[in-house]
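K.L.:
Dropping in protein_19.cif, which is mmCIF, C-alpha atoms:
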```cif
data_run
#
loop_
_atom_site.label_atom_id
_atom_site.label_comp_id
_atom_site.auth_asym_id
_atom_site.auth_seq_id
_atom_site.Cartn_x
_atom_site.Cartn_y
_atom_site.Cartn_z
CA MET A 1 23.93 -190.21 166.77
CA ASN A 2 26.07 -187.61 168.48
CA VAL A 3 26.85 -187.62 172.18
CA GLN A 4 24.44 -184.85 173.18
CA ASN A 5 21.62 -186.66 171.39
CA SER A 6 22.16 -189.85 173.32
CA ILE A 7 22.40 -187.91 176.61
CA ASN A 8 19.21 -186.07 175.70
CA GLU A 9 17.53 -189.42 175.17
CA ARG A 10 18.68 -190.67 178.54
CA ILE A 11 17.43 -187.51 180.26
CA GLN A 12 14.16 -187.60 178.32
CA HIS A 13 13.67 -191.17 179.48
CA ILE A 14 14.27 -190.15 183.12
CA VAL A 15 11.78 -187.27 183.04
CA ASP A 16 9.23 -189.36 181.15
CA SER A 17 9.33 -192.27 183.55
CA ASN A 18 9.03 -190.26 186.80
CA ASP A 19 6.31 -187.77 187.71
CA VAL A 20 8.69 -185.54 189.65
CA VAL A 21 12.44 -185.49 189.10
CA LEU A 22 15.01 -183.39 190.91
CA PHE A 23 18.43 -183.20 189.28
CA MET A 24 20.65 -182.25 192.19
CA LYS A 25 24.10 -182.35 193.69
CA GLY A 26 24.06 -185.22 196.14
CA ILE A 27 21.01 -187.26 197.05
CA ALA A 28 17.82 -186.07 198.71
CA LYS A 29 18.90 -187.38 202.10
CA ILE A 30 22.45 -186.03 201.82
CA PRO A 31 22.56 -183.00 199.52
CA GLN A 32 26.01 -181.75 198.59
CA CYS A 33 25.02 -178.17 197.81
CA GLY A 34 22.92 -175.58 199.61
CA PHE A 35 20.73 -174.85 196.61
CA SER A 36 19.98 -178.52 196.00
CA ALA A 37 19.30 -178.92 199.71
CA LYS A 38 16.76 -176.10 199.64
CA VAL A 39 14.73 -177.60 196.80
CA ALA A 40 14.79 -181.03 198.42
CA GLN A 41 13.65 -179.42 201.68
CA ILE A 42 10.73 -177.69 199.97
CA LEU A 43 9.64 -180.90 198.23
CA ASN A 44 9.85 -182.73 201.54
CA VAL A 45 7.78 -180.07 203.31
CA ILE A 46 4.99 -180.18 200.75
CA GLY A 47 5.16 -183.95 200.89
CA ALA A 48 5.92 -184.57 197.23
CA ASN A 49 7.21 -187.91 196.03
CA TYR A 50 10.19 -187.38 193.79
CA LYS A 51 13.07 -189.11 192.11
CA ASP A 52 16.43 -187.61 192.98
CA ILE A 53 19.17 -187.80 190.38
CA ASN A 54 22.68 -187.12 191.69
CA VAL A 55 24.50 -185.29 188.90
CA LEU A 56 27.80 -185.57 190.78
CA GLU A 57 27.75 -189.28 189.98
CA ASP A 58 27.27 -188.79 186.28
CA SER A 59 29.21 -186.08 184.50
CA ASP A 60 27.31 -186.71 181.24
CA ILE A 61 24.05 -185.83 182.93
CA ARG A 62 25.64 -183.01 184.91
CA GLU A 63 26.60 -181.19 181.71
CA GLY A 64 23.86 -182.63 179.50
CA ILE A 65 20.99 -181.43 181.65
CA LYS A 66 22.11 -177.82 181.17
CA THR A 67 21.75 -178.12 177.41
CA PHE A 68 18.62 -180.25 177.67
CA SER A 69 16.81 -177.63 179.76
CA ASN A 70 18.63 -174.59 178.39
CA TRP A 71 19.32 -173.72 182.01
CA PRO A 72 22.80 -172.93 183.33
CA THR A 73 22.67 -174.30 186.86
CA ILE A 74 21.77 -177.24 189.09
CA PRO A 75 19.39 -178.10 190.81
CA GLN A 76 16.65 -178.48 188.21
CA LEU A 77 13.12 -179.63 188.90
CA TYR A 78 10.88 -181.45 186.42
CA VAL A 79 7.20 -182.14 187.01
CA LYS A 80 5.35 -184.42 184.57
CA GLY A 81 8.06 -183.97 181.97
CA GLU A 82 8.00 -180.19 182.20
CA PHE A 83 10.90 -178.05 183.39
CA VAL A 84 9.79 -175.99 186.40
CA GLY A 85 13.00 -174.19 187.26
CA GLY A 86 15.96 -173.98 189.57
CA CYS A 87 16.25 -173.18 193.25
CA ASP A 88 15.06 -169.57 193.18
CA ILE A 89 12.03 -170.30 191.02
CA VAL A 90 11.00 -173.25 193.15
CA ARG A 91 11.43 -171.08 196.27
CA GLU A 92 9.42 -168.20 194.80
CA MET A 93 6.67 -170.55 193.64
CA TYR A 94 6.58 -172.30 197.00
CA GLU A 95 6.35 -169.03 198.94
CA GLN A 96 3.44 -167.90 196.80
CA GLY A 97 1.66 -171.26 196.89
CA GLU A 98 2.12 -171.74 193.15
CA LEU A 99 4.21 -174.87 193.51
CA GLN A 100 1.51 -176.57 195.55
CA ASP A 101 -1.05 -175.49 192.93
CA LEU A 102 1.09 -176.92 190.16
CA PHE A 103 1.27 -180.33 191.85
CA GLU A 104 -2.46 -180.33 192.38
CA GLN A 105 -3.17 -179.31 188.78
CA LYS A 106 -0.99 -182.17 187.58
CA GLY A 107 -2.90 -184.56 189.81
CA LEU A 108 0.03 -185.28 192.10
CA SER A 109 -0.63 -185.84 195.75
CA ILE A 110 1.03 -183.65 198.33
CA LYS A 111 0.45 -183.74 202.04
CA SER A 112 0.14 -180.13 203.04
CA ASN A 113 -1.36 -177.25 201.25
CA LYS A 114 0.19 -173.88 201.94
CA THR A 115 2.23 -174.26 205.06
CA LYS A 116 5.32 -172.15 205.41
CA ILE A 117 8.56 -173.70 206.51
CA MET B 1 34.74 -153.24 186.13
CA THR B 2 33.85 -155.54 189.02
CA ILE B 3 31.46 -158.40 188.41
CA GLN B 4 29.00 -156.67 190.72
CA ASP B 5 29.06 -153.54 188.54
CA ASP B 6 28.85 -155.65 185.41
CA ILE B 7 25.67 -157.34 186.69
CA LYS B 8 24.19 -153.97 187.64
CA THR B 9 24.98 -152.36 184.31
CA LYS B 10 23.62 -155.25 182.25
CA LEU B 11 20.36 -155.32 184.21
CA VAL B 12 19.87 -151.54 184.24
CA VAL B 13 20.30 -151.38 180.48
CA SER B 14 18.12 -154.37 179.68
CA LEU B 15 15.33 -154.14 182.27
CA GLN B 16 15.17 -150.47 183.33
CA PRO B 17 14.47 -151.67 186.88
CA LEU B 18 12.44 -149.62 189.36
CA HIS B 19 14.48 -151.28 192.05
CA LEU B 20 17.70 -153.23 191.80
CA GLU B 21 19.89 -154.75 194.48
CA VAL B 22 23.07 -156.62 193.69
CA ILE B 23 24.69 -157.88 196.86
CA ASN B 24 28.07 -159.59 196.90
CA GLU B 25 27.77 -162.43 199.40
CA SER B 26 31.05 -164.08 198.52
CA GLY B 27 32.51 -163.40 201.96
CA ALA B 28 29.89 -165.60 203.57
CA HIS B 29 31.03 -168.55 201.44
CA SER B 30 34.74 -168.05 201.84
CA GLY B 31 36.47 -171.21 203.00
CA HIS B 32 33.78 -173.50 201.64
CA ARG B 33 35.12 -176.46 199.76
CA SER B 34 33.56 -175.47 196.45
CA SER B 35 34.16 -171.73 196.76
CA PRO B 36 36.37 -170.35 193.98
CA GLU B 37 37.74 -167.77 196.50
CA THR B 38 37.74 -164.99 193.93
CA GLY B 39 35.90 -162.58 196.23
CA GLU B 40 33.32 -162.26 193.47
CA SER B 41 31.68 -165.65 193.33
CA HIS B 42 28.32 -165.41 195.13
CA PHE B 43 25.68 -162.76 194.44
CA ARG B 44 22.14 -162.04 195.54
CA VAL B 45 20.08 -160.08 193.02
CA THR B 46 16.64 -158.55 193.54
CA VAL B 47 15.14 -156.87 190.51
CA VAL B 48 11.81 -155.09 190.06
CA SER B 49 10.82 -154.31 186.50
CA GLU B 50 7.74 -153.53 184.46
CA HIS B 51 9.07 -155.94 181.86
CA PHE B 52 8.09 -158.81 184.17
CA TYR B 53 4.35 -158.15 184.00
CA GLY B 54 2.49 -161.22 182.82
CA LEU B 55 5.54 -163.47 182.76
CA SER B 56 6.03 -166.66 184.75
CA HIS B 57 8.94 -166.99 187.14
CA LEU B 58 10.65 -169.28 184.65
CA GLN B 59 10.28 -166.76 181.81
CA ARG B 60 11.66 -163.97 184.01
CA HIS B 61 14.66 -165.94 185.13
CA ARG B 62 15.41 -167.07 181.58
CA MET B 63 15.26 -163.41 180.55
CA VAL B 64 17.69 -162.34 183.27
CA ASN B 65 20.03 -165.24 182.50
CA GLU B 66 20.10 -164.18 178.88
CA PHE B 67 20.81 -160.53 179.70
CA LEU B 68 23.60 -161.44 182.08
CA THR B 69 25.24 -163.47 179.30
CA LYS B 70 27.01 -166.78 179.40
CA ASP B 71 30.36 -165.10 179.74
CA LEU B 72 29.41 -163.47 183.02
CA PHE B 73 27.72 -166.64 184.24
CA ASN B 74 30.90 -168.59 183.80
CA LYS B 75 32.67 -166.29 186.26
CA VAL B 76 29.97 -166.52 188.92
CA HIS B 77 29.66 -169.58 191.13
CA ALA B 78 26.21 -168.85 192.55
CA LEU B 79 23.54 -166.26 191.92
CA THR B 80 20.36 -166.01 193.95
CA LEU B 81 17.69 -164.22 191.99
CA SER B 82 14.35 -162.72 193.03
CA THR B 83 12.15 -161.11 190.39
CA TYR B 84 9.07 -158.95 190.92
CA ASP B 85 6.81 -156.85 188.77
CA PRO B 86 6.03 -153.47 190.40
CA SER B 87 2.66 -154.52 191.84
CA GLU B 88 4.06 -157.73 193.34
CA TYR B 89 6.91 -155.77 194.84
CA TYR B 90 4.50 -153.24 196.30
CA ASP B 91 2.48 -156.07 197.87
CA VAL B 92 5.60 -157.61 199.27
CA LYS B 93 6.82 -154.33 200.70
CA VAL B 94 3.48 -153.49 202.24
CA ALA B 95 2.97 -156.85 203.84
CA SER B 96 6.70 -157.34 204.49
CA LYS B 97 6.09 -160.96 203.86
CA VAL B 98 9.16 -161.88 201.88
CA GLN B 99 10.04 -165.14 203.53
CA THR B 100 13.50 -166.43 203.11
CA LEU B 101 13.90 -170.11 203.59
#
```
Take the structure from the file and write it as C-alpha coordinates.

P.N.:
Amino acid sequence: MNVQNSINERIQHIVDSNDVVLFMKGIAKIPQCGFSAKVAQILNVIGANYKDINVLEDSDIREGIKTFSNWPTIPQLYVKGEFVGGCDIVREMYEQGELQDLFEQKGLSIKSNKTKI
Amino acid sequence: MTIQDDIKTKLVVSLQPLHLEVINESGAHSGHRSSPETGESHFRVTVVSEHFYGLSHLQRHRMVNEFLTKDLFNKVHALTLSTYDPSEYYDVKVASKVQTL
(Lines of atoms letter the chains of each structure in order from A and count residues from 1; the text may use other names and numbers.)
(Lines give C-alpha, C1' and ligand atoms only; values in the text may rest on other atoms or scores of the structure.)
Protein backbone atom coordinates (compact mmCIF):
# COMPACT_ATOMS: atom_id res chain seq x y z
CA MET A 1 0.00 0.00 0.00
CA ASN A 2 1.47 3.38 -0.87
CA VAL A 3 1.64 6.28 1.54
CA GLN A 4 -1.25 8.28 0.08
CA ASN A 5 -3.48 5.20 0.28
CA SER A 6 -2.84 4.73 3.97
CA ILE A 7 -3.40 8.45 4.63
CA ASN A 8 -6.61 8.27 2.61
CA GLU A 9 -7.73 5.40 4.81
CA ARG A 10 -6.98 7.35 7.96
CA ILE A 11 -8.91 10.38 6.66
CA GLN A 12 -11.77 8.19 5.46
CA HIS A 13 -11.97 6.68 8.92
CA ILE A 14 -12.10 10.16 10.51
CA VAL A 15 -14.91 11.41 8.26
CA ASP A 16 -16.82 8.14 8.61
CA SER A 17 -16.72 8.09 12.38
CA ASN A 18 -17.82 11.72 12.96
CA ASP A 19 -20.96 13.42 11.65
CA VAL A 20 -19.24 16.77 11.22
CA VAL A 21 -15.49 17.18 10.84
CA LEU A 22 -13.55 20.40 10.43
CA PHE A 23 -9.97 20.03 9.24
CA MET A 24 -8.40 23.26 10.41
CA LYS A 25 -5.25 25.04 11.47
CA GLY A 26 -5.31 25.03 15.26
CA ILE A 27 -8.17 23.77 17.38
CA ALA A 28 -11.72 25.09 17.54
CA LYS A 29 -11.04 27.01 20.74
CA ILE A 30 -7.71 28.40 19.55
CA PRO A 31 -7.63 28.64 15.75
CA GLN A 32 -4.26 29.46 14.20
CA CYS A 33 -5.58 30.95 10.97
CA GLY A 34 -8.28 33.49 10.16
CA PHE A 35 -10.03 31.26 7.65
CA SER A 36 -10.17 28.32 10.04
CA ALA A 37 -11.39 30.68 12.76
CA LYS A 38 -14.23 31.89 10.56
CA VAL A 39 -15.56 28.40 9.84
CA ALA A 40 -15.30 27.44 13.50
CA GLN A 41 -17.16 30.64 14.39
CA ILE A 42 -19.96 29.86 11.94
CA LEU A 43 -20.32 26.30 13.26
CA ASN A 44 -20.42 27.64 16.80
CA VAL A 45 -23.08 30.20 15.91
CA ILE A 46 -25.38 27.65 14.32
CA GLY A 47 -24.73 25.39 17.29
CA ALA A 48 -23.31 22.44 15.38
CA ASN A 49 -21.41 19.69 17.16
CA TYR A 50 -18.20 19.00 15.31
CA LYS A 51 -14.89 17.25 15.55
CA ASP A 52 -11.94 19.56 14.99
CA ILE A 53 -8.81 18.08 13.46
CA ASN A 54 -5.69 20.22 13.80
CA VAL A 55 -3.69 19.69 10.61
CA LEU A 56 -0.74 21.60 12.06
CA GLU A 57 -0.16 18.65 14.37
CA ASP A 58 -0.10 16.10 11.59
CA SER A 59 1.74 16.91 8.38
CA ASP A 60 0.49 13.68 6.73
CA ILE A 61 -3.09 14.82 7.15
CA ARG A 62 -2.23 18.42 6.29
CA GLU A 63 -1.02 17.40 2.83
CA GLY A 64 -3.14 14.26 2.48
CA ILE A 65 -6.46 16.02 2.96
CA LYS A 66 -5.77 18.19 -0.10
CA THR A 67 -5.47 15.13 -2.31
CA PHE A 68 -8.29 13.31 -0.54
CA SER A 69 -10.75 16.15 -1.18
CA ASN A 70 -9.15 17.44 -4.38
CA TRP A 71 -9.18 20.83 -2.69
CA PRO A 72 -6.10 23.04 -2.42
CA THR A 73 -6.61 24.78 0.92
CA ILE A 74 -7.47 24.37 4.59
CA PRO A 75 -9.96 24.61 6.35
CA GLN A 76 -12.16 21.86 4.95
CA LEU A 77 -15.57 20.90 6.25
CA TYR A 78 -17.12 17.43 6.02
CA VAL A 79 -20.71 16.65 6.91
CA LYS A 80 -21.82 13.00 7.05
CA GLY A 81 -18.82 11.93 5.04
CA GLU A 82 -19.42 14.48 2.31
CA PHE A 83 -17.06 17.34 1.47
CA VAL A 84 -18.91 20.65 1.85
CA GLY A 85 -16.15 23.11 1.05
CA GLY A 86 -13.66 25.59 2.40
CA CYS A 87 -14.08 28.88 4.19
CA ASP A 88 -15.71 30.87 1.38
CA ILE A 89 -18.22 28.17 0.53
CA VAL A 90 -19.19 27.66 4.15
CA ARG A 91 -19.56 31.45 4.52
CA GLU A 92 -21.68 31.76 1.37
CA MET A 93 -23.86 28.83 2.39
CA TYR A 94 -24.26 30.20 5.90
CA GLU A 95 -25.23 33.67 4.67
CA GLN A 96 -27.88 32.18 2.41
CA GLY A 97 -29.20 29.75 5.02
CA GLU A 98 -28.07 26.76 2.96
CA LEU A 99 -25.67 25.48 5.58
CA GLN A 100 -28.41 25.34 8.19
CA ASP A 101 -30.64 23.55 5.65
CA LEU A 102 -27.89 21.02 4.96
CA PHE A 103 -27.54 20.16 8.65
CA GLU A 104 -31.28 19.76 8.98
CA GLN A 105 -31.52 17.59 5.87
CA LYS A 106 -28.81 15.34 7.27
CA GLY A 107 -30.73 15.08 10.53
CA LEU A 108 -28.14 16.94 12.58
CA SER A 109 -29.31 19.15 15.37
CA ILE A 110 -28.39 22.81 15.38
CA LYS A 111 -29.55 25.39 17.85
CA SER A 112 -30.50 28.36 15.75
CA ASN A 113 -32.05 28.55 12.39
CA LYS A 114 -31.10 31.52 10.28
CA THR A 115 -29.56 34.04 12.60
CA LYS A 116 -26.88 36.28 11.24
CA ILE A 117 -23.68 36.80 13.15
CA MET B 1 2.50 40.14 -15.54
CA THR B 2 1.47 40.64 -11.91
CA ILE B 3 -0.39 37.87 -10.14
CA GLN B 4 -3.41 40.17 -9.97
CA ASP B 5 -3.41 40.54 -13.77
CA ASP B 6 -2.82 36.83 -14.19
CA ILE B 7 -5.91 36.04 -12.09
CA LYS B 8 -7.96 38.58 -14.04
CA THR B 9 -6.86 37.29 -17.43
CA LYS B 10 -7.47 33.65 -16.57
CA LEU B 11 -10.97 34.36 -15.26
CA VAL B 12 -11.96 36.69 -18.12
CA VAL B 13 -10.95 34.09 -20.68
CA SER B 14 -12.55 31.14 -18.93
CA LEU B 15 -15.73 32.62 -17.43
CA GLN B 16 -16.55 35.70 -19.54
CA PRO B 17 -17.65 37.44 -16.33
CA LEU B 18 -20.31 40.15 -16.29
CA HIS B 19 -18.54 41.53 -13.27
CA LEU B 20 -15.08 40.78 -11.93
CA GLU B 21 -13.18 42.26 -9.04
CA VAL B 22 -9.69 41.16 -8.10
CA ILE B 23 -8.45 43.06 -5.09
CA ASN B 24 -4.93 42.71 -3.74
CA GLU B 25 -5.25 42.70 0.04
CA SER B 26 -1.68 41.69 0.74
CA GLY B 27 -0.90 44.99 2.46
CA ALA B 28 -3.44 44.23 5.17
CA HIS B 29 -1.58 41.02 6.03
CA SER B 30 1.92 42.42 5.93
CA GLY B 31 3.84 41.63 9.09
CA HIS B 32 1.73 38.60 9.94
CA ARG B 33 3.75 35.61 10.98
CA SER B 34 2.63 33.45 8.07
CA SER B 35 2.66 36.18 5.43
CA PRO B 36 5.09 35.46 2.59
CA GLU B 37 5.68 39.25 2.26
CA THR B 38 5.72 39.10 -1.52
CA GLY B 39 3.24 41.96 -1.87
CA GLU B 40 1.12 39.56 -3.91
CA SER B 41 -0.01 36.97 -1.43
CA HIS B 42 -3.62 37.76 -0.46
CA PHE B 43 -6.44 38.37 -2.93
CA ARG B 44 -10.18 38.90 -2.79
CA VAL B 45 -12.04 37.84 -5.92
CA THR B 46 -15.69 38.48 -6.76
CA VAL B 47 -16.89 36.97 -10.01
CA VAL B 48 -20.31 37.06 -11.67
CA SER B 49 -20.80 34.70 -14.58
CA GLU B 50 -23.58 33.04 -16.52
CA HIS B 51 -21.54 29.85 -16.36
CA PHE B 52 -22.50 29.55 -12.68
CA TYR B 53 -26.21 29.05 -13.31
CA GLY B 54 -27.43 25.83 -11.74
CA LEU B 55 -24.14 25.00 -10.06
CA SER B 56 -23.56 24.56 -6.33
CA HIS B 57 -21.05 26.74 -4.52
CA LEU B 58 -18.68 23.79 -4.39
CA GLN B 59 -18.91 23.20 -8.15
CA ARG B 60 -18.29 26.90 -8.85
CA HIS B 61 -15.28 27.11 -6.60
CA ARG B 62 -13.82 23.91 -8.04
CA MET B 63 -14.29 25.44 -11.50
CA VAL B 64 -12.49 28.65 -10.54
CA ASN B 65 -9.69 26.73 -8.82
CA GLU B 66 -9.17 24.73 -11.98
CA PHE B 67 -9.10 27.80 -14.22
CA LEU B 68 -6.64 29.58 -11.97
CA THR B 69 -4.31 26.57 -12.22
CA LYS B 70 -2.16 24.91 -9.63
CA ASP B 71 0.84 26.93 -10.67
CA LEU B 72 -0.84 30.21 -9.79
CA PHE B 73 -2.27 28.75 -6.59
CA ASN B 74 1.17 27.86 -5.38
CA LYS B 75 2.19 31.51 -5.53
CA VAL B 76 -0.85 32.78 -3.63
CA HIS B 77 -1.10 32.41 0.12
CA ALA B 78 -4.80 33.21 0.47
CA LEU B 79 -7.66 33.82 -1.91
CA THR B 80 -11.13 34.81 -0.80
CA LEU B 81 -13.66 33.94 -3.45
CA SER B 82 -17.30 34.97 -3.93
CA THR B 83 -19.23 33.56 -6.87
CA TYR B 84 -22.62 34.68 -8.19
CA ASP B 85 -24.75 33.94 -11.20
CA PRO B 86 -26.24 37.13 -12.71
CA SER B 87 -29.62 36.83 -10.99
CA GLU B 88 -28.07 36.20 -7.57
CA TYR B 89 -25.79 39.16 -8.07
CA TYR B 90 -28.72 41.34 -9.07
CA ASP B 91 -30.58 40.29 -5.90
CA VAL B 92 -27.55 41.01 -3.80
CA LYS B 93 -27.02 44.41 -5.37
CA VAL B 94 -30.65 45.39 -5.03
CA ALA B 95 -30.96 44.34 -1.43
CA SER B 96 -27.36 45.29 -0.63
CA LYS B 97 -27.37 42.40 1.72
CA VAL B 98 -23.92 40.98 1.15
CA GLN B 99 -22.89 40.33 4.71
CA THR B 100 -19.27 39.93 5.43
CA LEU B 101 -18.47 38.03 8.55

K.L.:
Taking the file as I've supplied it (selection: the PyMOL selection byres ((chain B and resi 53-58) around 9)), which residues are included? Please answer as a list of chain:residue names.

P.N.:
A:Phe83, A:Val84, A:Gly85, A:Gly86, A:Asp88, A:Ile89, A:Val90, A:Glu92, A:Met93, B:Ser49, B:Glu50, B:His51, B:Phe52, B:Gln59, B:Arg60, B:His61, B:Arg62, B:Met63, B:Thr83, B:Tyr84, B:Asp85, B:Pro86, B:Ser87

K.L.:
Quick one, how far is atom CA of B:Val22 from atom CA of B:Ser41?

P.N.:
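It comes out at 12.5 Å.
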
K.L.:
Carefully work through the PyMOL selection byres ((chain B and resi 6-17) around 8) for this structure and note down the residues it includes, as a list in words.

P.N.:
Met1, Thr2, Ile3, Gln4, Asp5, Leu18, His19, Leu20, Val22, Val47, Val48, Ser49, Glu50, His51, Val64, Phe67 and Leu68 of chain B

K.L.:
Run the PyMOL selection byres ((chain A and resi 31) around 12) on the file and write out the hits as a list in words.

P.N.:
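Taken over the shown coordinates, the PyMOL selection byres ((chain A and resi 31) around 12) returns Leu22, Phe23, Met24, Lys25, Gly26, Ile27, Ala28, Lys29, Ile30, Gln32, Cys33, Gly34, Phe35, Ser36, Ala37, Lys38, Val39, Ala40, Gln41, Asp52, Ile53, Asn54, Val55, Leu56, Ile74 and Pro75 of chain A.
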
K.L.:
Could you save those same residues with C-alpha atoms as a short mmCIF file (atom, residue, chain, number, x, y, z; two decimals), in the frame of the given file?

P.N.:
```cif
data_model
loop_
_atom_site.label_atom_id
_atom_site.label_comp_id
_atom_site.auth_asym_id
_atom_site.auth_seq_id
_atom_site.Cartn_x
_atom_site.Cartn_y
_atom_site.Cartn_z
CA LEU A 22 15.01 -183.39 190.91
CA PHE A 23 18.43 -183.20 189.28
CA MET A 24 20.65 -182.25 192.19
CA LYS A 25 24.10 -182.35 193.69
CA GLY A 26 24.06 -185.22 196.14
CA ILE A 27 21.01 -187.26 197.05
CA ALA A 28 17.82 -186.07 198.71
CA LYS A 29 18.90 -187.38 202.10
CA ILE A 30 22.45 -186.03 201.82
CA GLN A 32 26.01 -181.75 198.59
CA CYS A 33 25.02 -178.17 197.81
CA GLY A 34 22.92 -175.58 199.61
CA PHE A 35 20.73 -174.85 196.61
CA SER A 36 19.98 -178.52 196.00
CA ALA A 37 19.30 -178.92 199.71
CA LYS A 38 16.76 -176.10 199.64
CA VAL A 39 14.73 -177.60 196.80
CA ALA A 40 14.79 -181.03 198.42
CA GLN A 41 13.65 -179.42 201.68
CA ASP A 52 16.43 -187.61 192.98
CA ILE A 53 19.17 -187.80 190.38
CA ASN A 54 22.68 -187.12 191.69
CA VAL A 55 24.50 -185.29 188.90
CA LEU A 56 27.80 -185.57 190.78
CA ILE A 74 21.77 -177.24 189.09
CA PRO A 75 19.39 -178.10 190.81
#
```

K.L.:
The residues within 12 Å of (21.3, -189.5, 175.4), using only C-alpha atoms and the coordinates of the file, should be reported as a list of chain:residue names; which are they?

P.N.:
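Every residue inside that radius is included here: A:Met1, A:Asn2, A:Val3, A:Gln4, A:Asn5, A:Ser6, A:Ile7, A:Asn8, A:Glu9, A:Arg10, A:Ile11, A:Gln12, A:His13, A:Ile14, A:Asp60, A:Ile61, A:Glu63, A:Gly64, A:Ile65, A:Thr67, A:Phe68.
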
K.L.:
Atom CA of B:Ile23 and atom CA of B:Glu66, how far apart in Å?

P.N.:
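Rounded to one decimal, the two atoms are 19.6 Å apart.
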
K.L.:
Figure out the distance between atom CA of A:Ile42 and atom CA of B:Arg44, please, to one decimal in Å.

P.N.:
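A separation of 19.9 Å between them.
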
K.L.:
Tell me which of B:Thr38, B:Leu72, B:Asn65, B:Asp91 sits closest to chain A, counting all atoms listed in the file.

P.N.:
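Selected residue with least distance to chain A: B:Asn65.
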
K.L.:
Show me the residues close to (21.8, -166.1, 193.0) - anything with an atom within 7 Å, counting all atoms listed in the file - and format the list as a VMD selection string.

P.N.:
chain B and resid 42 to 45 78 to 81

K.L.:
So for stretch 58-70 of chain A, what box centre and size do we get, axis-aligned, 6 Å extra on each of the six sides, every listed atom, Å to one decimal, as lines of an AutoDock Vina configuration file?

P.N.:
```
center_x = 23.0
center_y = -181.7
center_z = 181.8
size_x = 24.4
size_y = 26.2
size_z = 20.9
```

K.L.:
Counting all atoms listed in the file, which of B:Ser82, B:Lys75, B:Ala28, B:Glu21 gets nearest to chain A?

P.N.:
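Among the listed residues, the smallest separation from chain A belongs to B:Ser82.
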
K.L.:
Under the rule that only C-alpha atoms are counted, which of A:Asn70, A:Asn44, A:Asn49, A:Ser59 is the nearest residue to chain B?

P.N.:
A:Asn70

K.L.:
Of the candidates A:Gln96, A:Val79, A:Thr73, A:Lys66, which shows the shortest atom-to-atom distance to A:Ala48, using all atoms listed in the file?

P.N.:
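Nearest candidate to A:Ala48 out of A:Gln96, A:Val79, A:Thr73, A:Lys66: A:Val79.
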